[in-house]
Amino acid sequence: MLIQYNRSKIAFQRGSAWLASLVAGIAVALAFCTTAQAETSELRITKQPSIIYLPLVVMEQNKLVEKYAKAQGLGDLKVQWITFNSGGAATDALLSGSVDLVTSGVSNLLLLWERTKGEVNGVTSVGGLPMLLVTRDPNVKTLKDFNDKDKIAVPTIKVSSQAMVLKMALEKMYGPAARDSLDAVTIQLGHPDAMLAVVGGSSEVNSHFSAPPYQAQELKTPGVHLVLDSSDVFGGPASNAVVFGMKKFYVANPKTIASFMAALEEANTLIAKDPAAAAKIYLDATKEKFTVDEIVAMIKAPNVVYSTTPHATMVFADFMFKTGLIKVKPASWKEFFFPVVHNLPGT
């Protein structure tokens, strides 16, 4: 079962001793595949706008990776956090060697996993939050009501989580022939800019397959209404933010990976135990115009999960194989995730 907020609050209440043992355990598990060379002195990580990436914001602001790196004997590890507005730009940066770890959707992970013949794999899940398709077109009540005068913004056309779920929903509701029927009105635009376009009212972009907290702001705008909830497509939560990287980096830096994982677990613990504190950290960092209570409500909303366990990733894999986006069908989620999370009950 997926770990939702009300359950994770109990599951994550572990002390510092547990976190310390986690670091040691991960390092031991990875040590067999590393060489004697020194680990990296700098870790470059990407994230995107949205509270989907809340654990990463907490990690950055509280310098949690640095804390665990020092405990691992890595000294003063320099951690650089880089924000991209789309997963496509982030994956290009990974392939060019400009970054070490990318946080994006499962679809981008799978595309790179196949393209590199397994040299890119997932490290961990970050979390999953419902994604909402909203519009200000009063004539659009369902997906079949969109026409060529509408423009739907997604972070990356065809391969972002939003673009993929839109195709899944079209197929589920209207059959395989309808799967690509909205491609012509789908455009690429980052969440902050897409939100401004929808709420502003004058842009041709009148619809947005959004993400929290932007979808909440959009739905508070008069005339903007909900068309589709991604939870209805999956039947519950699904990981829509995962961390992935190159195998050569993973193999060469077991202690760095262990530090990152322990930092992520501590961030998840904070979110579960004190969502108001996590919300304040997020707002202080992003300067977004929400209240702490509004962010807490989003954290506690149904079908929200912050967990290192990958959930429903094979749903993406099966769909991408069926539609030809990937030519190799993985037999299990463990084929495209590194062993560091193989002990978790992923799907």
# chains A, B, ... in the order shown; residues from 1 in each chain; ligands from 1
$ closest_atom_pairs --of "stretch 124-230 of chain A" --to "stretch 309-323 of chain A" --cutoff "10 Å" --atoms "only C-alpha atoms" --output "JSON lines"
{"residue": "A:Thr124", "atom": "CA", "partner": "A:Pro310", "partner_atom": "CA", "distance": 6.8}
{"residue": "A:Ser125", "atom": "CA", "partner": "A:Pro310", "partner_atom": "CA", "distance": 5.0}
{"residue": "A:Val126", "atom": "CA", "partner": "A:Thr309", "partner_atom": "CA", "distance": 8.0}
{"residue": "A:Gly127", "atom": "CA", "partner": "A:Pro310", "partner_atom": "CA", "distance": 8.1}
{"residue": "A:Gly128", "atom": "CA", "partner": "A:His311", "partner_atom": "CA", "distance": 8.2}
{"residue": "A:Val159", "atom": "CA", "partner": "A:Met320", "partner_atom": "CA", "distance": 9.2}
{"residue": "A:Ser161", "atom": "CA", "partner": "A:Phe316", "partner_atom": "CA", "distance": 8.7}
{"residue": "A:Met164", "atom": "CA", "partner": "A:Phe316", "partner_atom": "CA", "distance": 7.9}
{"residue": "A:Val165", "atom": "CA", "partner": "A:Phe316", "partner_atom": "CA", "distance": 8.7}
{"residue": "A:Lys167", "atom": "CA", "partner": "A:Phe319", "partner_atom": "CA", "distance": 9.4}
{"residue": "A:Met168", "atom": "CA", "partner": "A:Phe319", "partner_atom": "CA", "distance": 7.7}
{"residue": "A:Pro176", "atom": "CA", "partner": "A:Thr323", "partner_atom": "CA", "distance": 9.5}
{"residue": "A:Arg179", "atom": "CA", "partner": "A:Thr323", "partner_atom": "CA", "distance": 9.3}
$ write_last_selection --atoms "all heavy atoms" --output "PDB file, in the first residue's frame"
ATOM      1  N   THR A 124      16.014   7.096  -6.136  1.00  0.00           N
ATOM      2  CA  THR A 124      14.961   7.055  -5.132  1.00  0.00           C
ATOM      3  C   THR A 124      13.734   7.802  -5.637  1.00  0.00           C
ATOM      4  O   THR A 124      13.811   8.602  -6.567  1.00  0.00           O
ATOM      5  CB  THR A 124      15.436   7.718  -3.816  1.00  0.00           C
ATOM      6  OG1 THR A 124      14.391   7.672  -2.835  1.00  0.00           O
ATOM      7  CG2 THR A 124      15.829   9.172  -4.031  1.00  0.00           C
ATOM      8  N   SER A 125      12.614   7.525  -5.016  1.00  0.00           N
ATOM      9  CA  SER A 125      11.444   8.372  -5.203  1.00  0.00           C
ATOM     10  C   SER A 125      11.546   9.554  -4.240  1.00  0.00           C
ATOM     11  O   SER A 125      12.181   9.455  -3.179  1.00  0.00           O
ATOM     12  CB  SER A 125      10.162   7.585  -4.917  1.00  0.00           C
ATOM     13  OG  SER A 125       9.036   8.428  -4.929  1.00  0.00           O
ATOM     14  N   VAL A 126      10.948  10.658  -4.606  1.00  0.00           N
ATOM     15  CA  VAL A 126      10.823  11.808  -3.704  1.00  0.00           C
ATOM     16  C   VAL A 126       9.405  11.869  -3.155  1.00  0.00           C
ATOM     17  O   VAL A 126       9.200  12.034  -1.960  1.00  0.00           O
ATOM     18  CB  VAL A 126      11.177  13.128  -4.423  1.00  0.00           C
ATOM     19  CG1 VAL A 126      10.860  14.338  -3.536  1.00  0.00           C
ATOM     20  CG2 VAL A 126      12.651  13.135  -4.812  1.00  0.00           C
ATOM     21  N   GLY A 127       8.438  11.714  -4.038  1.00  0.00           N
ATOM     22  CA  GLY A 127       7.061  11.735  -3.577  1.00  0.00           C
ATOM     23  C   GLY A 127       6.077  11.732  -4.725  1.00  0.00           C
ATOM     24  O   GLY A 127       6.452  11.702  -5.898  1.00  0.00           O
ATOM     25  N   GLY A 128       4.817  11.752  -4.365  1.00  0.00           N
ATOM     26  CA  GLY A 128       3.755  11.810  -5.345  1.00  0.00           C
ATOM     27  C   GLY A 128       2.610  12.657  -4.822  1.00  0.00           C
ATOM     28  O   GLY A 128       2.174  12.488  -3.690  1.00  0.00           O
ATOM     29  N   VAL A 159       6.338  13.861 -22.944  1.00  0.00           N
ATOM     30  CA  VAL A 159       7.068  12.956 -22.055  1.00  0.00           C
ATOM     31  C   VAL A 159       7.059  13.365 -20.586  1.00  0.00           C
ATOM     32  O   VAL A 159       7.552  12.611 -19.745  1.00  0.00           O
ATOM     33  CB  VAL A 159       8.536  12.779 -22.523  1.00  0.00           C
ATOM     34  CG1 VAL A 159       8.583  12.161 -23.903  1.00  0.00           C
ATOM     35  CG2 VAL A 159       9.294  14.098 -22.487  1.00  0.00           C
ATOM     36  N   SER A 161       5.371  13.976 -16.833  1.00  0.00           N
ATOM     37  CA  SER A 161       4.349  13.197 -16.128  1.00  0.00           C
ATOM     38  C   SER A 161       2.955  13.668 -16.503  1.00  0.00           C
ATOM     39  O   SER A 161       2.049  12.856 -16.731  1.00  0.00           O
ATOM     40  CB  SER A 161       4.553  13.322 -14.610  1.00  0.00           C
ATOM     41  OG  SER A 161       5.757  12.720 -14.202  1.00  0.00           O
ATOM     42  N   MET A 164       2.037  12.562 -20.017  1.00  0.00           N
ATOM     43  CA  MET A 164       1.802  11.125 -20.042  1.00  0.00           C
ATOM     44  C   MET A 164       0.449  10.768 -19.422  1.00  0.00           C
ATOM     45  O   MET A 164      -0.309   9.957 -19.966  1.00  0.00           O
ATOM     46  CB  MET A 164       2.923  10.417 -19.276  1.00  0.00           C
ATOM     47  CG  MET A 164       3.082   8.960 -19.622  1.00  0.00           C
ATOM     48  SD  MET A 164       3.793   8.718 -21.255  1.00  0.00           S
ATOM     49  CE  MET A 164       5.326   9.598 -21.100  1.00  0.00           C
ATOM     50  N   VAL A 165       0.135  11.397 -18.289  1.00  0.00           N
ATOM     51  CA  VAL A 165      -1.136  11.104 -17.622  1.00  0.00           C
ATOM     52  C   VAL A 165      -2.307  11.577 -18.476  1.00  0.00           C
ATOM     53  O   VAL A 165      -3.368  10.935 -18.495  1.00  0.00           O
ATOM     54  CB  VAL A 165      -1.173  11.750 -16.221  1.00  0.00           C
ATOM     55  CG1 VAL A 165      -2.552  11.588 -15.586  1.00  0.00           C
ATOM     56  CG2 VAL A 165      -0.117  11.117 -15.321  1.00  0.00           C
ATOM     57  N   LYS A 167      -2.467  11.484 -21.719  1.00  0.00           N
ATOM     58  CA  LYS A 167      -2.671  10.433 -22.711  1.00  0.00           C
ATOM     59  C   LYS A 167      -3.317   9.196 -22.087  1.00  0.00           C
ATOM     60  O   LYS A 167      -4.199   8.557 -22.679  1.00  0.00           O
ATOM     61  CB  LYS A 167      -1.336  10.066 -23.361  1.00  0.00           C
ATOM     62  CG  LYS A 167      -0.764  11.134 -24.284  1.00  0.00           C
ATOM     63  CD  LYS A 167       0.592  10.710 -24.829  1.00  0.00           C
ATOM     64  CE  LYS A 167       1.176  11.764 -25.735  1.00  0.00           C
ATOM     65  NZ  LYS A 167       0.448  11.883 -27.007  1.00  0.00           N
ATOM     66  N   MET A 168      -2.874   8.840 -20.863  1.00  0.00           N
ATOM     67  CA  MET A 168      -3.480   7.706 -20.168  1.00  0.00           C
ATOM     68  C   MET A 168      -4.973   7.939 -19.943  1.00  0.00           C
ATOM     69  O   MET A 168      -5.794   7.031 -20.122  1.00  0.00           O
ATOM     70  CB  MET A 168      -2.787   7.495 -18.819  1.00  0.00           C
ATOM     71  CG  MET A 168      -1.368   6.996 -18.888  1.00  0.00           C
ATOM     72  SD  MET A 168      -0.700   6.804 -17.199  1.00  0.00           S
ATOM     73  CE  MET A 168       1.022   6.445 -17.561  1.00  0.00           C
ATOM     74  N   PRO A 176      -8.107   3.715 -27.176  1.00  0.00           N
ATOM     75  CA  PRO A 176      -6.748   3.958 -27.696  1.00  0.00           C
ATOM     76  C   PRO A 176      -6.687   4.982 -28.826  1.00  0.00           C
ATOM     77  O   PRO A 176      -5.700   5.716 -28.946  1.00  0.00           O
ATOM     78  CB  PRO A 176      -6.322   2.573 -28.194  1.00  0.00           C
ATOM     79  CG  PRO A 176      -7.140   1.607 -27.396  1.00  0.00           C
ATOM     80  CD  PRO A 176      -8.457   2.286 -27.176  1.00  0.00           C
ATOM     81  N   ARG A 179      -5.954   8.592 -27.720  1.00  0.00           N
ATOM     82  CA  ARG A 179      -4.774   8.810 -26.888  1.00  0.00           C
ATOM     83  C   ARG A 179      -4.020  10.098 -27.235  1.00  0.00           C
ATOM     84  O   ARG A 179      -3.584  10.842 -26.350  1.00  0.00           O
ATOM     85  CB  ARG A 179      -3.838   7.604 -27.011  1.00  0.00           C
ATOM     86  CG  ARG A 179      -2.599   7.670 -26.159  1.00  0.00           C
ATOM     87  CD  ARG A 179      -1.660   6.553 -26.558  1.00  0.00           C
ATOM     88  NE  ARG A 179      -2.285   5.250 -26.462  1.00  0.00           N
ATOM     89  CZ  ARG A 179      -2.094   4.247 -27.321  1.00  0.00           C
ATOM     90  NH1 ARG A 179      -1.299   4.419 -28.374  1.00  0.00           N
ATOM     91  NH2 ARG A 179      -2.698   3.096 -27.161  1.00  0.00           N
TER      92      ARG A 179
END
$ residues_around --residues "A:Leu283" --least-positions-apart "4" --cutoff "10 Å" --atoms "only C-alpha atoms" --output "JSON, numbers by chain"
{"A": [51, 57, 278, 279, 287, 288, 289, 290, 291, 292, 295]}
$ write_last_selection --atoms "N, CA and C atoms" --output "mmCIF file, in the first residue's frame"
data_model
loop_
_atom_site.group_PDB
_atom_site.id
_atom_site.type_symbol
_atom_site.label_atom_id
_atom_site.label_comp_id
_atom_site.auth_asym_id
_atom_site.auth_seq_id
_atom_site.Cartn_x
_atom_site.Cartn_y
_atom_site.Cartn_z
ATOM 1 N N ILE A 51 5.589 21.983 -4.714
ATOM 2 C CA ILE A 51 5.800 21.322 -3.423
ATOM 3 C C ILE A 51 5.953 19.816 -3.581
ATOM 4 N N VAL A 57 13.697 20.847 -0.948
ATOM 5 C CA VAL A 57 13.825 22.210 -0.414
ATOM 6 C C VAL A 57 14.266 22.157 1.043
ATOM 7 N N ALA A 278 7.879 22.475 7.955
ATOM 8 C CA ALA A 278 8.297 22.219 6.572
ATOM 9 C C ALA A 278 7.703 23.264 5.628
ATOM 10 N N ALA A 279 6.445 23.621 5.850
ATOM 11 C CA ALA A 279 5.797 24.632 5.013
ATOM 12 C C ALA A 279 6.495 25.977 5.139
ATOM 13 N N LYS A 287 9.527 32.092 -1.592
ATOM 14 C CA LYS A 287 8.855 33.403 -1.576
ATOM 15 C C LYS A 287 7.491 33.363 -2.269
ATOM 16 N N GLU A 288 6.895 32.185 -2.376
ATOM 17 C CA GLU A 288 5.587 32.079 -3.004
ATOM 18 C C GLU A 288 4.505 32.669 -2.098
ATOM 19 N N LYS A 289 3.442 33.171 -2.723
ATOM 20 C CA LYS A 289 2.420 33.919 -2.004
ATOM 21 C C LYS A 289 1.323 33.004 -1.459
ATOM 22 N N PHE A 290 1.724 32.098 -0.594
ATOM 23 C CA PHE A 290 0.781 31.239 0.101
ATOM 24 C C PHE A 290 1.023 31.381 1.591
ATOM 25 N N THR A 291 0.041 31.017 2.383
ATOM 26 C CA THR A 291 0.231 31.002 3.828
ATOM 27 C C THR A 291 0.747 29.631 4.255
ATOM 28 N N VAL A 292 1.302 29.561 5.451
ATOM 29 C CA VAL A 292 1.743 28.280 5.998
ATOM 30 C C VAL A 292 0.570 27.305 6.063
ATOM 31 N N ILE A 295 -0.170 25.733 2.660
ATOM 32 C CA ILE A 295 0.790 24.694 2.277
ATOM 33 C C ILE A 295 0.569 23.433 3.114
#
$ select_by_dssp --residues "stretch 121-169 of chain A" --states "strand (DSSP E)" --output "PyMOL selection string"
chain A and resi 121-128+132-135+152-154
$ write_last_selection --atoms "C-alpha atoms" --output "short mmCIF file (atom, residue, chain, number, x, y, z; two decimals), in the first residue's frame"
data_model
loop_
_atom_site.label_atom_id
_atom_site.label_comp_id
_atom_site.auth_asym_id
_atom_site.auth_seq_id
_atom_site.Cartn_x
_atom_site.Cartn_y
_atom_site.Cartn_z
CA ASN A 121 18.91 4.55 -13.29
CA GLY A 122 16.67 5.82 -10.53
CA VAL A 123 18.15 6.47 -7.11
CA THR A 124 14.96 7.05 -5.13
CA SER A 125 11.44 8.37 -5.20
CA VAL A 126 10.82 11.81 -3.70
CA GLY A 127 7.06 11.73 -3.58
CA GLY A 128 3.75 11.81 -5.34
CA LEU A 132 -4.79 18.68 -11.65
CA LEU A 133 -5.77 19.73 -15.16
CA VAL A 134 -7.52 23.11 -14.87
CA THR A 135 -9.00 25.48 -17.43
CA ILE A 152 -2.97 23.17 -22.48
CA ALA A 153 0.38 23.85 -20.78
CA VAL A 154 2.55 20.96 -19.55
#
$ residues_around --residues "A:Leu182" --least-positions-apart "6" --cutoff "9 Å" --atoms "only C-alpha atoms" --output "list in words"
Leu143, Phe146, Asn147, Asp148, Ile152, Leu166, Lys167 and Leu170 of chain A
$ residues_around --residues "A:Phe249" --least-positions-apart "3" --cutoff "9 Å" --atoms "only C-alpha atoms" --output "PyMOL selection string"
chain A and resi 40+100-101+245-246+252-254
$ residues_around --residues "stretch 64-70 of chain A" --least-positions-apart "4" --cutoff "7 Å" --atoms "only C-alpha atoms" --output "count of residues only"
10
$ closest_residue --among "A:Thr221, A:Ser332, A:Ser86, A:Val242" --to "A:Pro192" --atoms "only C-alpha atoms"
A:Ser86
$ atom_distance --atom1 "atom CA of A:Thr347" --atom2 "atom CA of A:Lys327"
20.2 Å
$ closest_residue --among "A:Ser202, A:Gln80, A:Thr103, A:Ser181" --to "A:Arg136" --atoms "only C-alpha atoms"
A:Ser202
